[in-house]
Amino acid sequence: MKNTPFTEKHIALGAKMAEFAGYNMPISYTGINEEHATVRNNAGVFDVSHMGEFMLKGPKALDLIQRVTSNDASKLTDGKAQYSCLPNNEGGIVDDLLVYCIEANKVYMLVVNASNIEKDWNWISKHNTDNVEMHNISDKTALLAVQGPKAVEYMQQLTDMDITNLKYYTFAKGTFAGVENVIVSATGYTGAGGVEIYFEDKDGNAEKVWNEIFRVGTPNGLKPIGLAARDTLRLEMGFCLYGNDIDDTTSPMEAGLGWITKFTKDFTARPIIEKQKTEGVTRKLVGFEMVDKGIPRHHYKIQDASGKEIGYVTSGTQSPSLGKAIGLGYVTKENAAEGSEIFISIRDKAIKAKVVKIPFA
């Protein structure tokens, strides 16, 4: 297993560790419910240094990004980011990612999922027919996500950059916690507000940034948070997790990601996805909450009232904020309307649920 720059910190703090995407990662410290509540109500720190980062540079960088991603990156100006995905040739999803515009038409950073770093690199490289300068900086980039309603207030104490007024999906670049060339972005995967902090892992930077964050945050209740709470937080918001809710077999239209799919440009599998938009899809990713007692889990079957199989669960949990079981899953379009009654097959029993609007909380 690979380590992040903070692995020893997690172990020293008594985190429950496990393998995730090839990395030794903290799953929880004091318990999912407590960590979840800390982020929803105050602020917490996630080590997400396992994520992948690619730099694309040169006059053709934007053109390459436009051809391989679904969203319209030409709309980005310096200091702006966007959520997007990499469609495959069949209209499925190679990965979902963030596109950061460092310098318009010249320099971009792509942030991809840890489990897909090599896959994404190979996919983008295969389409790099104009010799765009590409650098995989994943192994030397540290990334901490400080999330929660109080996160920005605490982090502003560590920088001269105005991060208090950063709008959603924008970022600033400068000195943070005494470390230069840091990107602080108003992005995250929790729906609780906050920032993500990218910096180069060299010269003791990781130690310095970690210590400074906790120096200003700990007296106010900021705590380290594990990946388990990250999952319950993102699920309450209805955010997709690659490998669960989206993958190479699911299209952006089926997954409710039409909003990041722009047909104002040409991109991989555009005709297939555009046809789906025009003609509609046969299945849709929906949010549901359990009516009867039971917790839905990944790959559980979804049935209609007659017992006919109509789909499957992609993500499910007991929501700490709502005190009820919730999930995401694909169902036939006939059963996708809000309020539809569906049944989750849990240990061969059909447990009642209903389709609800997302985000859940």
# chains A, B, ... in the order shown; residues from 1 in each chain; ligands from 1
>>> residues_around(residues="range 106-122 of chain A", least_positions_apart="5", cutoff="9 Å", atoms="only C-alpha atoms", output="ChimeraX atom specification")
/A:20-23,48-62,65,86,94-101,127,136,138,242-243
>>> select_by_dssp(residues="range 153-342 of chain A", states="alpha helix (DSSP H)", output="PyMOL selection string")
chain A and resi 153-155+205-217+227-237+270-279
>>> write_last_selection(atoms="C-alpha atoms", output="tab-separated table (two decimals), in the first residue's frame")
chain	number	residue	atom	x	y	z
A	153	GLU	CA	-13.30	31.22	8.89
A	154	TYR	CA	-10.54	29.10	10.45
A	155	MET	CA	-8.43	28.79	7.28
A	205	ASN	CA	5.37	21.38	3.66
A	206	ALA	CA	2.94	18.65	4.70
A	207	GLU	CA	4.00	18.81	8.35
A	208	LYS	CA	3.82	22.61	8.33
A	209	VAL	CA	0.36	22.84	6.73
A	210	TRP	CA	-1.14	20.07	8.87
A	211	ASN	CA	0.20	21.55	12.10
A	212	GLU	CA	-0.95	25.08	11.28
A	213	ILE	CA	-4.44	23.96	10.31
A	214	PHE	CA	-4.87	22.17	13.63
A	215	ARG	CA	-3.21	24.97	15.58
A	216	VAL	CA	-5.93	27.42	14.57
A	217	GLY	CA	-8.73	24.87	14.30
A	227	LEU	CA	-13.26	8.39	4.59
A	228	ALA	CA	-16.34	6.68	6.10
A	229	ALA	CA	-17.87	10.03	7.10
A	230	ARG	CA	-16.82	11.47	3.74
A	231	ASP	CA	-19.02	8.80	2.15
A	232	THR	CA	-22.08	9.49	4.33
A	233	LEU	CA	-21.68	13.24	3.79
A	234	ARG	CA	-21.47	12.97	0.00
A	235	LEU	CA	-24.36	10.50	-0.12
A	236	GLU	CA	-26.67	12.87	1.78
A	237	MET	CA	-25.95	15.40	-0.98
A	270	ARG	CA	-21.19	12.99	-28.26
A	271	PRO	CA	-23.60	11.44	-30.87
A	272	ILE	CA	-24.48	8.58	-28.49
A	273	ILE	CA	-25.06	10.85	-25.49
A	274	GLU	CA	-26.91	13.47	-27.56
A	275	LYS	CA	-29.25	10.75	-28.84
A	276	GLN	CA	-29.97	9.78	-25.23
A	277	LYS	CA	-30.81	13.38	-24.43
A	278	THR	CA	-33.18	13.61	-27.39
A	279	GLU	CA	-34.85	10.21	-27.09
>>> residues_around(residues="Trp259 in chain A", least_positions_apart="6", cutoff="10 Å", atoms="only C-alpha atoms", output="CSV table (one decimal) with N, CA, C and O atoms, in the first residue's frame")
chain,number,residue,atom,x,y,z
A,70,SER,N,-16.9,16.2,-21.0
A,70,SER,CA,-18.3,16.5,-21.4
A,70,SER,C,-18.7,17.9,-21.2
A,70,SER,O,-19.5,18.5,-21.9
A,71,ASN,N,-18.1,18.6,-20.2
A,71,ASN,CA,-18.4,20.0,-19.9
A,71,ASN,C,-17.7,20.9,-20.8
A,71,ASN,O,-16.8,20.5,-21.5
A,83,TYR,N,-16.8,21.0,-12.6
A,83,TYR,CA,-17.0,19.5,-12.5
A,83,TYR,C,-17.3,19.0,-13.9
A,83,TYR,O,-18.0,19.7,-14.7
A,84,SER,N,-16.7,17.9,-14.3
A,84,SER,CA,-16.9,17.3,-15.6
A,84,SER,C,-16.7,15.8,-15.6
A,84,SER,O,-16.5,15.2,-14.5
A,252,PRO,N,-23.7,9.8,-18.7
A,252,PRO,CA,-24.0,11.0,-17.9
A,252,PRO,C,-25.5,11.3,-17.8
A,252,PRO,O,-26.0,11.7,-16.8
A,253,MET,N,-26.2,10.9,-18.9
A,253,MET,CA,-27.7,11.2,-18.9
A,253,MET,C,-28.4,10.3,-18.0
A,253,MET,O,-29.3,10.7,-17.3
>>> closest_residue(among="A:Lys349, A:Lys308, A:His10, A:Arg67", to="Lys265 in chain A", atoms="only C-alpha atoms")
A:Arg67
>>> closest_residue(among="A:Lys223, A:Ser321, A:Asp162, A:Tyr312", to="Leu13 in chain A", atoms="only C-alpha atoms")
A:Lys223
>>> select_by_dssp(residues="range 253-330 of chain A", states="strand (DSSP E)", output="ChimeraX atom specification")
/A:283-290,301-303,309-319,324-330
>>> atom_distance(atom1="CA of Val331 in chain A", atom2="CA of Gly294 in chain A")
18.8 Å
>>> residues_around(residues="Gly221 in chain A", least_positions_apart="6", cutoff="10 Å", atoms="only C-alpha atoms", output="number ranges by chain")
A: 38, 42-44, 150, 214
>>> write_last_selection(atoms="C-alpha atoms", output="short mmCIF file (atom, residue, chain, number, x, y, z; two decimals), in the first residue's frame")
data_model
loop_
_atom_site.label_atom_id
_atom_site.label_comp_id
_atom_site.auth_asym_id
_atom_site.auth_seq_id
_atom_site.Cartn_x
_atom_site.Cartn_y
_atom_site.Cartn_z
CA THR A 38 -18.45 17.71 13.12
CA ASN A 42 -18.34 22.94 12.48
CA ALA A 43 -15.30 21.85 10.43
CA GLY A 44 -13.24 18.76 9.73
CA LYS A 150 -16.72 27.15 9.92
CA PHE A 214 -4.87 22.17 13.63
#
>>> residues_around(residues="Ala192 in chain A", least_positions_apart="3", cutoff="8 Å", atoms="only C-alpha atoms", output="count of residues only")
5
>>> closest_residue(among="A:Ser319, A:Thr69, A:Ser185, A:Asn3", to="Gly238 in chain A", atoms="only C-alpha atoms")
A:Ser319
>>> residues_around(residues="Asn181 in chain A", least_positions_apart="4", cutoff="12 Å", atoms="only C-alpha atoms", output="list in words")
Ile102, Thr141, Thr159, Met161, Ala172, Lys173, Gly174, Thr175, Phe176, Ala177, Ile197, Tyr198, Phe199, Glu200, Asp201, Lys202 and Asn205 of chain A
>>> write_last_selection(atoms="all heavy atoms", output="compact mmCIF listing (two decimals), in the first residue's frame")
# COMPACT_ATOMS: atom_id res chain seq x y z
N ILE A 102 -5.80 27.36 -14.55
CA ILE A 102 -4.72 28.12 -13.91
C ILE A 102 -4.42 29.36 -14.74
O ILE A 102 -4.30 30.47 -14.22
CB ILE A 102 -3.44 27.26 -13.78
CG1 ILE A 102 -3.75 25.88 -13.15
CG2 ILE A 102 -2.36 27.99 -13.00
CD1 ILE A 102 -4.18 25.88 -11.73
N THR A 141 1.89 15.78 -5.03
CA THR A 141 0.89 16.76 -4.63
C THR A 141 0.15 16.30 -3.38
O THR A 141 -0.38 15.19 -3.34
CB THR A 141 -0.13 17.02 -5.75
OG1 THR A 141 0.57 17.42 -6.93
CG2 THR A 141 -1.13 18.09 -5.36
N THR A 159 -3.71 32.69 5.82
CA THR A 159 -3.31 33.20 4.50
C THR A 159 -3.72 34.65 4.30
O THR A 159 -4.69 35.13 4.91
CB THR A 159 -3.94 32.33 3.39
OG1 THR A 159 -3.52 32.82 2.10
CG2 THR A 159 -5.46 32.35 3.44
N MET A 161 -4.47 35.50 1.19
CA MET A 161 -5.44 35.38 0.10
C MET A 161 -6.85 35.58 0.68
O MET A 161 -7.11 35.17 1.81
CB MET A 161 -5.38 33.98 -0.53
CG MET A 161 -4.11 33.67 -1.28
SD MET A 161 -4.16 32.01 -2.04
CE MET A 161 -3.67 30.94 -0.67
N ALA A 172 -8.03 30.41 -5.36
CA ALA A 172 -6.96 31.42 -5.28
C ALA A 172 -5.64 30.68 -5.17
O ALA A 172 -5.58 29.52 -4.72
CB ALA A 172 -7.17 32.30 -4.06
N LYS A 173 -4.57 31.35 -5.58
CA LYS A 173 -3.24 30.74 -5.53
C LYS A 173 -2.31 31.70 -4.81
O LYS A 173 -2.27 32.89 -5.13
CB LYS A 173 -2.75 30.47 -6.95
CG LYS A 173 -1.58 29.52 -7.03
CD LYS A 173 -1.27 29.21 -8.50
CE LYS A 173 -0.11 28.25 -8.61
NZ LYS A 173 0.26 27.99 -10.00
N GLY A 174 -1.56 31.20 -3.82
CA GLY A 174 -0.67 32.08 -3.07
C GLY A 174 -0.02 31.35 -1.92
O GLY A 174 0.16 30.13 -1.95
N THR A 175 0.30 32.10 -0.86
CA THR A 175 0.96 31.52 0.32
C THR A 175 -0.08 31.15 1.37
O THR A 175 -0.97 31.94 1.69
CB THR A 175 1.97 32.52 0.91
OG1 THR A 175 2.94 32.84 -0.10
CG2 THR A 175 2.70 31.92 2.10
N PHE A 176 0.05 29.93 1.88
CA PHE A 176 -0.88 29.42 2.89
C PHE A 176 -0.07 28.71 3.97
O PHE A 176 0.76 27.86 3.67
CB PHE A 176 -1.90 28.46 2.26
CG PHE A 176 -2.87 27.87 3.24
CD1 PHE A 176 -4.07 28.51 3.53
CD2 PHE A 176 -2.59 26.66 3.88
CE1 PHE A 176 -4.97 27.97 4.44
CE2 PHE A 176 -3.48 26.11 4.80
CZ PHE A 176 -4.67 26.77 5.07
N ALA A 177 -0.28 29.07 5.22
CA ALA A 177 0.43 28.47 6.36
C ALA A 177 1.95 28.55 6.17
O ALA A 177 2.68 27.64 6.54
CB ALA A 177 -0.01 27.02 6.56
N ILE A 197 -7.20 22.26 -0.29
CA ILE A 197 -5.88 22.91 -0.27
C ILE A 197 -4.85 22.00 -0.95
O ILE A 197 -4.55 20.92 -0.45
CB ILE A 197 -5.46 23.20 1.19
CG1 ILE A 197 -6.53 24.09 1.87
CG2 ILE A 197 -4.10 23.88 1.24
CD1 ILE A 197 -6.48 24.05 3.39
N TYR A 198 -4.33 22.46 -2.09
CA TYR A 198 -3.34 21.70 -2.87
C TYR A 198 -1.96 22.34 -2.71
O TYR A 198 -1.82 23.55 -2.86
CB TYR A 198 -3.68 21.75 -4.36
CG TYR A 198 -5.00 21.19 -4.79
CD1 TYR A 198 -6.18 21.95 -4.68
CD2 TYR A 198 -5.10 19.91 -5.33
CE1 TYR A 198 -7.40 21.45 -5.09
CE2 TYR A 198 -6.31 19.40 -5.75
CZ TYR A 198 -7.46 20.16 -5.64
OH TYR A 198 -8.68 19.67 -6.05
N PHE A 199 -0.96 21.50 -2.44
CA PHE A 199 0.40 22.04 -2.35
C PHE A 199 1.41 20.93 -2.64
O PHE A 199 1.09 19.74 -2.56
CB PHE A 199 0.65 22.67 -0.97
CG PHE A 199 0.43 21.74 0.19
CD1 PHE A 199 1.47 21.02 0.74
CD2 PHE A 199 -0.85 21.59 0.73
CE1 PHE A 199 1.26 20.17 1.81
CE2 PHE A 199 -1.07 20.72 1.80
CZ PHE A 199 0.00 20.01 2.35
N GLU A 200 2.63 21.36 -2.95
CA GLU A 200 3.66 20.39 -3.29
C GLU A 200 4.22 19.76 -2.03
O GLU A 200 4.55 20.44 -1.05
CB GLU A 200 4.78 21.07 -4.08
CG GLU A 200 5.72 20.07 -4.75
CD GLU A 200 6.74 20.72 -5.66
OE1 GLU A 200 6.64 21.94 -5.93
OE2 GLU A 200 7.66 20.00 -6.11
N ASP A 201 4.34 18.43 -2.06
CA ASP A 201 4.86 17.69 -0.91
C ASP A 201 6.39 17.69 -0.96
O ASP A 201 7.01 16.78 -1.47
CB ASP A 201 4.32 16.25 -0.95
CG ASP A 201 4.87 15.39 0.18
OD1 ASP A 201 5.23 15.97 1.22
OD2 ASP A 201 4.96 14.16 0.00
N LYS A 202 6.98 18.74 -0.40
CA LYS A 202 8.44 18.85 -0.35
C LYS A 202 8.83 19.76 0.82
O LYS A 202 8.00 20.52 1.33
CB LYS A 202 9.00 19.42 -1.66
CG LYS A 202 8.59 20.86 -1.93
CD LYS A 202 9.31 21.44 -3.14
CE LYS A 202 9.01 22.93 -3.27
NZ LYS A 202 9.70 23.56 -4.39
N ASN A 205 6.61 20.63 3.84
CA ASN A 205 5.37 21.38 3.66
C ASN A 205 4.16 20.71 4.32
O ASN A 205 3.32 21.37 4.93
CB ASN A 205 5.06 21.56 2.16
CG ASN A 205 5.93 22.61 1.50
OD1 ASN A 205 6.66 23.34 2.18
ND2 ASN A 205 5.88 22.68 0.19
>>> atom_distance(atom1="CA of Thr264 in chain A", atom2="CA of Ile358 in chain A")
27.3 Å
>>> atom_distance(atom1="CA of Thr250 in chain A", atom2="CA of Gly92 in chain A")
4.8 Å
>>> closest_residue(among="A:Phe360, A:Phe288, A:Phe46, A:Tyr300", to="Ser340 in chain A", atoms="only C-alpha atoms")
A:Phe288
>>> closest_residue(among="A:Asp78, A:Leu222, A:Lys167, A:Ser125", to="Glu35 in chain A", atoms="only C-alpha atoms")
A:Leu222
